[in-house]
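Structure below is coords_5.txt: compact mmCIF, C-alpha atoms.
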# COMPACT_ATOMS: atom_id res chain seq x y z
CA MET A 1 32.79 -29.44 -5.11
CA LYS A 2 32.33 -26.47 -7.41
CA THR A 3 33.86 -23.44 -5.76
CA PRO A 4 36.51 -20.93 -6.77
CA ASN A 5 38.47 -21.65 -3.55
CA PRO A 6 41.15 -24.33 -3.49
CA SER A 7 40.44 -25.76 -0.06
CA ARG A 8 37.20 -26.81 1.54
CA ARG A 9 38.29 -25.39 4.87
CA SER A 10 38.91 -21.84 3.67
CA GLU A 11 35.63 -21.96 1.74
CA GLN A 12 33.86 -22.94 4.97
CA SER A 13 35.49 -19.99 6.76
CA ARG A 14 34.55 -17.68 3.90
CA ARG A 15 30.90 -18.79 4.05
CA ALA A 16 30.86 -18.42 7.86
CA ILE A 17 32.25 -14.88 7.61
CA LEU A 18 29.77 -13.82 4.93
CA ASN A 19 26.82 -15.29 6.85
CA ALA A 20 28.00 -13.65 10.07
CA ALA A 21 28.25 -10.29 8.28
CA LEU A 22 24.71 -10.63 6.92
CA ASP A 23 23.28 -11.67 10.29
CA LEU A 24 25.05 -8.88 12.18
CA VAL A 25 24.22 -6.03 9.81
CA ALA A 26 20.56 -7.05 10.00
CA GLU A 27 20.78 -7.04 13.81
CA VAL A 28 22.83 -3.92 14.58
CA GLY A 29 22.91 -1.91 11.31
CA TYR A 30 25.92 -0.93 9.23
CA ALA A 31 27.19 1.87 11.49
CA LYS A 32 27.63 -0.47 14.47
CA LEU A 33 28.95 -3.39 12.46
CA THR A 34 32.63 -4.19 13.17
CA VAL A 35 35.15 -6.61 11.72
CA GLU A 36 35.78 -7.83 15.27
CA ALA A 37 32.13 -8.77 15.74
CA ILE A 38 31.99 -10.53 12.37
CA ALA A 39 35.11 -12.54 13.31
CA ALA A 40 33.69 -13.50 16.70
CA ARG A 41 30.35 -14.57 15.21
CA ALA A 42 32.07 -16.56 12.45
CA GLY A 43 34.47 -18.20 14.87
CA VAL A 44 37.57 -16.98 13.08
CA GLY A 45 40.38 -14.60 13.94
CA LYS A 46 40.15 -10.94 12.92
CA GLN A 47 43.29 -11.40 10.81
CA THR A 48 41.56 -14.08 8.75
CA ILE A 49 39.06 -11.45 7.62
CA TYR A 50 41.70 -8.81 6.96
CA ARG A 51 43.67 -11.32 4.88
CA TRP A 52 40.76 -11.47 2.41
CA TRP A 53 38.96 -8.13 2.76
CA PRO A 54 40.17 -4.56 3.42
CA SER A 55 37.02 -3.39 5.29
CA LYS A 56 33.62 -4.36 6.65
CA GLY A 57 32.07 -2.78 3.55
CA ALA A 58 34.05 -5.10 1.29
CA VAL A 59 32.90 -8.12 3.33
CA LEU A 60 29.27 -7.02 2.98
CA VAL A 61 29.58 -6.51 -0.76
CA ASP A 62 30.78 -10.11 -1.11
CA ALA A 63 28.06 -11.28 1.28
CA VAL A 64 25.36 -9.63 -0.83
CA LEU A 65 26.94 -11.04 -3.98
CA ALA A 66 26.88 -14.53 -2.48
CA LEU A 67 23.11 -14.20 -2.00
CA SER A 68 22.48 -13.96 -5.73
CA GLU A 69 25.24 -16.19 -7.04
CA ASP A 70 24.73 -19.72 -8.24
CA GLU A 71 27.19 -22.52 -7.42
CA GLU A 72 29.56 -21.38 -10.15
CA GLY A 73 29.79 -17.92 -8.61
CA ALA A 74 27.98 -16.24 -11.49
CA ILE A 75 24.79 -14.21 -11.68
CA ALA A 76 22.40 -16.21 -13.81
CA LEU A 77 19.78 -14.94 -16.25
CA PRO A 78 17.99 -17.62 -18.23
CA ASP A 79 17.54 -17.61 -21.98
CA THR A 80 14.62 -19.88 -22.80
CA GLY A 81 13.82 -17.92 -25.96
CA ASP A 82 10.78 -16.42 -24.15
CA ILE A 83 12.13 -12.96 -23.31
CA ARG A 84 8.99 -11.94 -21.41
CA ALA A 85 9.10 -15.01 -19.14
CA ASP A 86 12.86 -14.73 -18.60
CA LEU A 87 12.76 -11.05 -17.61
CA ARG A 88 9.58 -11.52 -15.57
CA GLY A 89 11.41 -14.12 -13.48
CA VAL A 90 14.32 -11.77 -12.81
CA LEU A 91 12.16 -8.75 -11.95
CA ARG A 92 9.92 -10.78 -9.63
CA ALA A 93 12.99 -12.26 -7.92
CA ILE A 94 14.32 -8.75 -7.28
CA VAL A 95 10.96 -7.71 -5.83
CA ASP A 96 11.06 -10.76 -3.55
CA GLU A 97 14.59 -9.86 -2.40
CA TYR A 98 13.61 -6.27 -1.57
CA ASN A 99 10.55 -7.55 0.32
CA ASP A 100 12.71 -9.88 2.43
CA PRO A 101 13.21 -7.92 5.70
CA LYS A 102 16.80 -9.11 6.12
CA ILE A 103 17.85 -8.27 2.57
CA ASP A 104 15.94 -4.97 2.80
CA THR A 105 17.92 -3.99 5.92
CA ILE A 106 21.26 -4.98 4.42
CA THR A 107 20.59 -3.28 1.10
CA ARG A 108 19.43 -0.06 2.78
CA ALA A 109 22.56 -0.07 4.95
CA LEU A 110 24.73 -0.45 1.87
CA ALA A 111 22.73 2.22 0.02
CA VAL A 112 23.32 4.71 2.85
CA GLU A 113 27.03 4.00 2.89
CA SER A 114 27.26 4.15 -0.90
CA LEU A 115 25.77 7.63 -0.94
CA THR A 116 28.59 8.92 1.25
CA ASP A 117 31.43 6.50 0.40
CA PRO A 118 32.43 6.64 -3.29
CA THR A 119 34.77 3.63 -2.91
CA LEU A 120 32.01 1.40 -1.59
CA ASN A 121 29.67 2.80 -4.25
CA THR A 122 32.15 1.79 -6.95
CA GLN A 123 32.47 -1.69 -5.41
CA ILE A 124 28.70 -2.17 -5.29
CA THR A 125 27.88 -0.77 -8.71
CA GLY A 126 30.89 -2.57 -10.17
CA ARG A 127 30.42 -5.97 -8.52
CA VAL A 128 26.70 -6.26 -7.71
CA LEU A 129 24.70 -4.00 -10.03
CA GLY A 130 27.17 -4.02 -12.94
CA PRO A 131 27.13 -7.79 -13.56
CA LEU A 132 23.31 -7.84 -13.34
CA LEU A 133 23.07 -5.06 -15.92
CA GLU A 134 25.58 -6.88 -18.16
CA VAL A 135 23.78 -10.24 -18.17
CA THR A 136 20.54 -8.37 -18.79
CA LYS A 137 22.08 -6.57 -21.78
CA ASP A 138 23.23 -9.96 -23.07
CA ARG A 139 19.67 -11.24 -22.76
CA LEU A 140 18.32 -8.17 -24.61
CA ARG A 141 20.97 -8.67 -27.33
CA ALA A 142 19.64 -12.20 -27.82
CA GLY A 143 16.20 -10.58 -28.03
CA GLN A 144 17.48 -8.29 -30.76
CA ARG A 145 18.76 -11.28 -32.73
CA ALA A 146 15.35 -12.92 -32.29
CA GLY A 147 13.57 -9.79 -33.54
CA GLN A 148 11.93 -9.10 -30.16
CA VAL A 149 13.93 -5.97 -29.28
CA ALA A 150 14.61 -3.00 -31.59
CA GLU A 151 18.08 -2.98 -33.15
CA GLY A 152 18.77 0.69 -32.54
CA VAL A 153 17.86 0.79 -28.86
CA ASP A 154 20.51 1.87 -26.32
CA LEU A 155 20.81 -1.24 -24.13
CA GLY A 156 22.36 0.77 -21.30
CA VAL A 157 19.14 2.77 -21.10
CA ALA A 158 16.98 -0.29 -21.73
CA VAL A 159 18.23 -2.08 -18.61
CA GLU A 160 17.62 1.03 -16.53
CA LEU A 161 14.05 1.14 -17.83
CA LEU A 162 13.59 -2.38 -16.44
CA TYR A 163 15.29 -2.03 -13.06
CA ALA A 164 15.11 1.67 -12.12
CA PRO A 165 11.33 1.85 -11.43
CA ILE A 166 11.59 -1.09 -9.00
CA TYR A 167 14.62 0.46 -7.26
CA HIS A 168 12.90 3.87 -7.12
CA ARG A 169 9.78 2.43 -5.49
CA TRP A 170 11.83 0.41 -3.04
CA VAL A 171 14.25 3.15 -1.98
CA LEU A 172 11.59 5.87 -1.68
CA ARG A 173 8.91 3.55 -0.24
CA THR A 174 6.35 5.36 -2.39
CA ASN A 175 4.13 2.35 -3.07
CA PRO A 176 3.99 -1.38 -2.39
CA LEU A 177 6.48 -3.44 -4.38
CA THR A 178 4.59 -6.41 -5.82
CA HIS A 179 4.89 -8.97 -8.61
CA GLU A 180 1.99 -7.20 -10.31
CA TYR A 181 4.03 -3.98 -10.31
CA ALA A 182 7.07 -5.78 -11.75
CA ASP A 183 4.88 -7.26 -14.48
CA THR A 184 3.41 -3.82 -15.34
CA VAL A 185 6.88 -2.29 -15.61
CA LEU A 186 7.95 -5.20 -17.81
CA GLU A 187 5.00 -4.79 -20.19
CA LEU A 188 5.69 -1.06 -20.59
CA ALA A 189 9.41 -1.69 -21.08
CA LEU A 190 8.82 -4.42 -23.67
CA LYS A 191 6.55 -2.05 -25.58
CA ALA A 192 9.18 0.70 -25.38
CA LEU A 193 11.88 -1.68 -26.63
CA SER A 194 9.75 -3.28 -29.32
CA PRO A 195 11.08 -3.23 -32.90
CA ALA A 196 7.72 -1.87 -34.07
CA THR A 197 7.91 1.78 -35.13
CA ILE A 198 4.95 3.71 -33.84
CA ASN A 199 4.00 7.33 -34.08
CA THR A 200 4.27 8.11 -30.39
CA VAL A 201 3.01 11.68 -30.42
CA GLU A 202 1.49 13.51 -33.38
CA MET B 1 3.34 40.54 -2.98
CA LYS B 2 2.34 36.96 -3.70
CA THR B 3 3.39 34.83 -0.74
CA PRO B 4 1.55 32.57 1.65
CA ASN B 5 2.88 34.58 4.63
CA PRO B 6 0.98 37.55 5.99
CA SER B 7 3.91 39.85 6.67
CA ARG B 8 6.86 40.80 4.53
CA ARG B 9 9.17 40.63 7.51
CA SER B 10 8.45 37.03 8.47
CA GLU B 11 8.72 36.07 4.80
CA GLN B 12 12.16 37.67 4.73
CA SER B 13 13.16 35.68 7.82
CA ARG B 14 11.78 32.50 6.27
CA ARG B 15 13.80 33.04 3.09
CA ALA B 16 16.95 33.82 5.11
CA ILE B 17 16.53 30.62 7.12
CA LEU B 18 15.96 28.44 4.05
CA ASN B 19 18.94 29.95 2.24
CA ALA B 20 21.14 29.55 5.32
CA ALA B 21 20.11 25.89 5.60
CA LEU B 22 20.96 25.28 1.93
CA ASP B 23 24.32 27.01 2.19
CA LEU B 24 25.29 25.24 5.41
CA VAL B 25 24.33 21.72 4.37
CA ALA B 26 26.40 22.17 1.21
CA GLU B 27 29.33 23.34 3.34
CA VAL B 28 29.30 20.93 6.28
CA GLY B 29 26.94 18.09 5.28
CA TYR B 30 23.73 16.99 6.93
CA ALA B 31 25.28 15.21 9.91
CA LYS B 32 27.06 18.36 11.13
CA LEU B 33 24.20 20.73 10.32
CA THR B 34 22.55 22.26 13.41
CA VAL B 35 19.55 24.49 13.99
CA GLU B 36 21.86 26.79 15.96
CA ALA B 37 24.16 27.27 12.97
CA ILE B 38 21.22 27.90 10.63
CA ALA B 39 19.87 30.54 13.03
CA ALA B 40 23.27 32.24 13.34
CA ARG B 41 23.79 32.32 9.57
CA ALA B 42 20.25 33.62 8.96
CA GLY B 43 20.58 36.27 11.67
CA VAL B 44 17.55 35.05 13.63
CA GLY B 45 17.06 33.47 17.03
CA LYS B 46 16.96 29.69 17.39
CA GLN B 47 13.41 29.97 18.71
CA THR B 48 12.28 31.60 15.46
CA ILE B 49 13.25 28.42 13.65
CA TYR B 50 11.63 26.13 16.21
CA ARG B 51 8.44 28.19 15.99
CA TRP B 52 8.08 27.15 12.35
CA TRP B 53 9.93 23.83 12.04
CA PRO B 54 10.36 20.83 14.39
CA SER B 55 13.83 19.82 13.15
CA LYS B 56 16.71 20.63 10.82
CA GLY B 57 15.35 17.97 8.45
CA ALA B 58 12.03 19.79 8.21
CA VAL B 59 13.83 23.06 7.44
CA LEU B 60 15.78 21.37 4.65
CA VAL B 61 12.67 19.83 3.14
CA ASP B 62 11.13 23.31 2.88
CA ALA B 63 14.41 24.70 1.56
CA VAL B 64 14.52 22.10 -1.22
CA LEU B 65 10.85 22.74 -1.97
CA ALA B 66 11.53 26.47 -2.27
CA LEU B 67 14.11 25.74 -4.98
CA SER B 68 11.51 24.32 -7.34
CA GLU B 69 8.52 26.45 -6.40
CA ASP B 70 7.26 29.33 -8.46
CA GLU B 71 6.02 32.58 -6.91
CA GLU B 72 2.68 31.04 -6.04
CA GLY B 73 4.39 28.28 -4.06
CA ALA B 74 3.37 25.58 -6.53
CA ILE B 75 5.40 23.15 -8.63
CA ALA B 76 4.70 24.02 -12.24
CA LEU B 77 4.48 21.70 -15.23
CA PRO B 78 3.51 23.39 -18.49
CA ASP B 79 0.75 22.21 -20.79
CA THR B 80 1.41 23.67 -24.24
CA GLY B 81 -0.35 20.75 -25.94
CA ASP B 82 3.06 19.40 -27.00
CA ILE B 83 3.51 16.60 -24.47
CA ARG B 84 7.00 15.70 -25.72
CA ALA B 85 8.28 19.27 -25.35
CA ASP B 86 6.60 19.75 -21.96
CA LEU B 87 8.02 16.56 -20.46
CA ARG B 88 11.41 17.11 -22.10
CA GLY B 89 11.65 20.46 -20.32
CA VAL B 90 10.88 18.89 -16.94
CA LEU B 91 13.27 15.96 -17.34
CA ARG B 92 16.11 18.20 -18.54
CA ALA B 93 15.50 20.59 -15.63
CA ILE B 94 15.79 17.66 -13.18
CA VAL B 95 19.05 16.59 -14.85
CA ASP B 96 20.33 20.16 -14.47
CA GLU B 97 19.38 20.19 -10.78
CA TYR B 98 21.18 16.90 -10.08
CA ASN B 99 24.25 18.18 -11.93
CA ASP B 100 24.34 21.36 -9.82
CA PRO B 101 26.98 20.55 -7.14
CA LYS B 102 25.08 22.37 -4.40
CA ILE B 103 21.76 20.68 -5.14
CA ASP B 104 23.56 17.33 -5.58
CA THR B 105 25.08 17.64 -2.10
CA ILE B 106 21.81 18.64 -0.47
CA THR B 107 19.80 15.95 -2.23
CA ARG B 108 22.32 13.23 -1.35
CA ALA B 109 22.29 14.35 2.28
CA LEU B 110 18.49 14.14 2.33
CA ALA B 111 18.57 10.77 0.56
CA VAL B 112 20.92 9.36 3.22
CA GLU B 113 18.72 10.62 6.03
CA SER B 114 15.55 9.39 4.31
CA LEU B 115 16.91 5.87 4.11
CA THR B 116 17.26 5.74 7.89
CA ASP B 117 14.57 8.20 9.02
CA PRO B 118 11.05 7.15 7.97
CA THR B 119 9.55 10.46 9.16
CA LEU B 120 11.85 12.52 6.96
CA ASN B 121 11.26 10.05 4.12
CA THR B 122 7.51 10.60 4.43
CA GLN B 123 8.02 14.38 4.45
CA ILE B 124 10.19 14.28 1.35
CA THR B 125 8.13 11.83 -0.66
CA GLY B 126 4.94 13.56 0.48
CA ARG B 127 6.01 17.17 -0.05
CA VAL B 128 8.75 17.12 -2.70
CA LEU B 129 8.38 14.00 -4.85
CA GLY B 130 4.63 13.55 -4.38
CA PRO B 131 3.56 16.91 -5.84
CA LEU B 132 5.91 16.43 -8.81
CA LEU B 133 4.40 13.01 -9.52
CA GLU B 134 0.88 14.46 -9.20
CA VAL B 135 1.38 17.35 -11.65
CA THR B 136 3.03 14.89 -14.03
CA LYS B 137 0.04 12.56 -13.78
CA ASP B 138 -2.19 15.56 -14.54
CA ARG B 139 -0.12 16.30 -17.63
CA LEU B 140 -0.36 12.66 -18.75
CA ARG B 141 -4.13 12.74 -18.17
CA ALA B 142 -4.31 15.72 -20.53
CA GLY B 143 -2.25 13.60 -22.93
CA GLN B 144 -4.83 10.83 -22.64
CA ARG B 145 -7.62 13.27 -23.52
CA ALA B 146 -5.54 14.42 -26.51
CA GLY B 147 -5.05 10.81 -27.67
CA GLN B 148 -1.28 10.90 -27.02
CA VAL B 149 -1.24 8.52 -24.05
CA ALA B 150 -3.01 5.15 -23.81
CA GLU B 151 -6.27 5.20 -21.82
CA GLY B 152 -5.59 2.02 -19.87
CA VAL B 153 -2.09 2.89 -18.68
CA ASP B 154 -1.41 3.02 -14.92
CA LEU B 155 -0.30 6.64 -14.46
CA GLY B 156 1.40 5.83 -11.16
CA VAL B 157 3.73 3.49 -13.04
CA ALA B 158 3.98 5.85 -16.03
CA VAL B 159 5.49 8.65 -13.95
CA GLU B 160 8.00 6.25 -12.44
CA LEU B 161 9.02 5.21 -15.95
CA LEU B 162 9.85 8.87 -16.64
CA TYR B 163 11.64 9.79 -13.42
CA ALA B 164 13.09 6.54 -11.99
CA PRO B 165 15.84 5.99 -14.62
CA ILE B 166 17.17 9.51 -14.02
CA TYR B 167 17.08 9.03 -10.23
CA HIS B 168 18.71 5.60 -10.53
CA ARG B 169 21.59 6.93 -12.65
CA TRP B 170 22.07 9.89 -10.31
CA VAL B 171 21.96 8.01 -7.01
CA LEU B 172 24.16 5.11 -8.19
CA ARG B 173 26.49 7.29 -10.30
CA THR B 174 26.51 4.56 -12.93
CA ASN B 175 26.76 6.85 -15.96
CA PRO B 176 26.80 10.55 -16.80
CA LEU B 177 23.46 12.31 -16.44
CA THR B 178 22.92 14.38 -19.58
CA HIS B 179 20.12 16.02 -21.54
CA GLU B 180 20.68 13.40 -24.22
CA TYR B 181 20.01 10.69 -21.63
CA ALA B 182 16.83 12.43 -20.46
CA ASP B 183 15.66 12.68 -24.07
CA THR B 184 16.34 8.96 -24.69
CA VAL B 185 14.38 7.98 -21.58
CA LEU B 186 11.54 10.24 -22.71
CA GLU B 187 11.37 8.70 -26.19
CA LEU B 188 11.24 5.17 -24.75
CA ALA B 189 8.61 6.20 -22.19
CA LEU B 190 6.44 7.92 -24.81
CA LYS B 191 6.56 4.77 -26.92
CA ALA B 192 5.67 2.64 -23.88
CA LEU B 193 2.73 4.95 -23.06
CA SER B 194 1.54 5.32 -26.64
CA PRO B 195 -2.10 4.44 -27.41
CA ALA B 196 -0.89 2.27 -30.32
CA THR B 197 -1.28 -1.44 -29.63
CA ILE B 198 1.76 -3.36 -30.77
CA ASN B 199 2.66 -7.00 -30.60
CA THR B 200 5.62 -6.58 -28.24
CA VAL B 201 6.87 -10.17 -28.23
CA GLU B 202 5.65 -12.97 -30.46
Just give me the structure as structure tokens.
Amino acid sequence: MKTPNPSRRSEQSRRAILNAALDLVAEVGYAKLTVEAIAARAGVGKQTIYRWWPSKGAVLVDAVLALSEDEEGAIALPDTGDIRADLRGVLRAIVDEYNDPKIDTITRALAVESLTDPTLNTQITGRVLGPLLEVTKDRLRAGQRAGQVAEGVDLGVAVELLYAPIYHRWVLRTNPLTHEYADTVLELALKALSPATINTVE
Amino acid sequence: MKTPNPSRRSEQSRRAILNAALDLVAEVGYAKLTVEAIAARAGVGKQTIYRWWPSKGAVLVDAVLALSEDEEGAIALPDTGDIRADLRGVLRAIVDEYNDPKIDTITRALAVESLTDPTLNTQITGRVLGPLLEVTKDRLRAGQRAGQVAEGVDLGVAVELLYAPIYHRWVLRTNPLTHEYADTVLELALKALSPATINTVE
């Protein structure tokens, strides 16, 4: 079994705790979520949770991470050589996650807490958003080597160009979040990142 | 005097209330803000506030609006013919606003409330963000007529390409928000929106 945990039993408890946290936050919201309730739902003692996590926020961060991890515990971003297809898959998957009512509720709850809790914000940006941005930069670097992305482009800004419009539309509920929208953002971003030099404004 | 209000006195009260709301939310945060405290600070009766606004959230929306309104009560976006310079000025001004500790506090407080209060979210997106996006679309339309922006581009997505990366970096505190960053986003966006057709990915 491919897991980072040594024993099957503690991995089963870990999974039960993370699933309980996700179910409960979707049911009662972040404010009313308690470690006690997570423990009861997961069928473990409260101390089992506190042995692994310092707070309910930390449990939720791991729970959200587990949603997008593969079996190896890593965020995956394919490199088929087709940068458009690879990024399209990621952007559409993010749109699908935001449109899932349960993930929407959990992510909004974490967004609210992050705005007022700098520690949780650091955990989320460091452990959820950060790794996604890093694997995306890696994919864009491969695109640079393949001559599909401009050499001089700031990859830190490039990844924000890809993800920020989708986040903006989701968090502000300004317009429907669709695959078509993700594809439009991708086409504009690919043009912006293209190695071709064009006279943008005379 | 150019104001939408008929009498100077009620305009003075309105200004006092909006300024009191801005000062107080920066001091105590949104959760502890009350209409009573706003009234006391502004030197008006509570009923004066309730005559004009249904809630403290509604007062704050107007207060934030007043920060970016000109004397005519309209959000302004210049059209000098130089689309790069015009948009650069707007993006840098937004960066400056987010970096102002008082505006940062107020905007984060409103962002938290918007995530959990759909009515306030509709007020903010409709009355603060919406008008900004509309005047920006107008400016891009002028750019299309001048041959600086592609005809076929979706202007609803184009404006998100300009503003979303700045919002994303501000709300998630991932990296410093600087004029240089705003300028980099603008250059990438102008390239993405350019009328030139380029072979983005072979």
For a cut-off of 12 Å around (10.1, -0.7, -1.2), file coordinates, pick out all residues using all atoms listed in the file and list them as a count of residues only.
29
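If you look at CA of Arg88 (chain B) and CA of Leu186 (chain B), they are 6.9 Å away from each other.
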Could you list, as an mmCIF file with C-alpha atoms, in the frame of the given file, the residues of chain A having an atom within 7 Å of chain B when counting only C-alpha atoms?
data_model
loop_
_atom_site.group_PDB
_atom_site.id
_atom_site.type_symbol
_atom_site.label_atom_id
_atom_site.label_comp_id
_atom_site.auth_asym_id
_atom_site.auth_seq_id
_atom_site.Cartn_x
_atom_site.Cartn_y
_atom_site.Cartn_z
ATOM 1 C CA ARG A 108 19.430 -0.060 2.780
ATOM 2 C CA VAL A 112 23.320 4.710 2.850
ATOM 3 C CA LEU A 115 25.770 7.630 -0.940
ATOM 4 C CA THR A 125 27.880 -0.770 -8.710
ATOM 5 C CA GLN A 148 11.930 -9.100 -30.160
ATOM 6 C CA GLU A 160 17.620 1.030 -16.530
ATOM 7 C CA LEU A 161 14.050 1.140 -17.830
ATOM 8 C CA ALA A 164 15.110 1.670 -12.120
ATOM 9 C CA PRO A 165 11.330 1.850 -11.430
ATOM 10 C CA HIS A 168 12.900 3.870 -7.120
ATOM 11 C CA LEU A 172 11.590 5.870 -1.680
ATOM 12 C CA THR A 174 6.350 5.360 -2.390
ATOM 13 C CA LEU A 188 5.690 -1.060 -20.590
ATOM 14 C CA ALA A 189 9.410 -1.690 -21.080
ATOM 15 C CA LEU A 190 8.820 -4.420 -23.670
ATOM 16 C CA LYS A 191 6.550 -2.050 -25.580
ATOM 17 C CA ALA A 192 9.180 0.700 -25.380
ATOM 18 C CA SER A 194 9.750 -3.280 -29.320
ATOM 19 C CA ALA A 196 7.720 -1.870 -34.070
ATOM 20 C CA ILE A 198 4.950 3.710 -33.840
ATOM 21 C CA THR A 200 4.270 8.110 -30.390
ATOM 22 C CA VAL A 201 3.010 11.680 -30.420
#
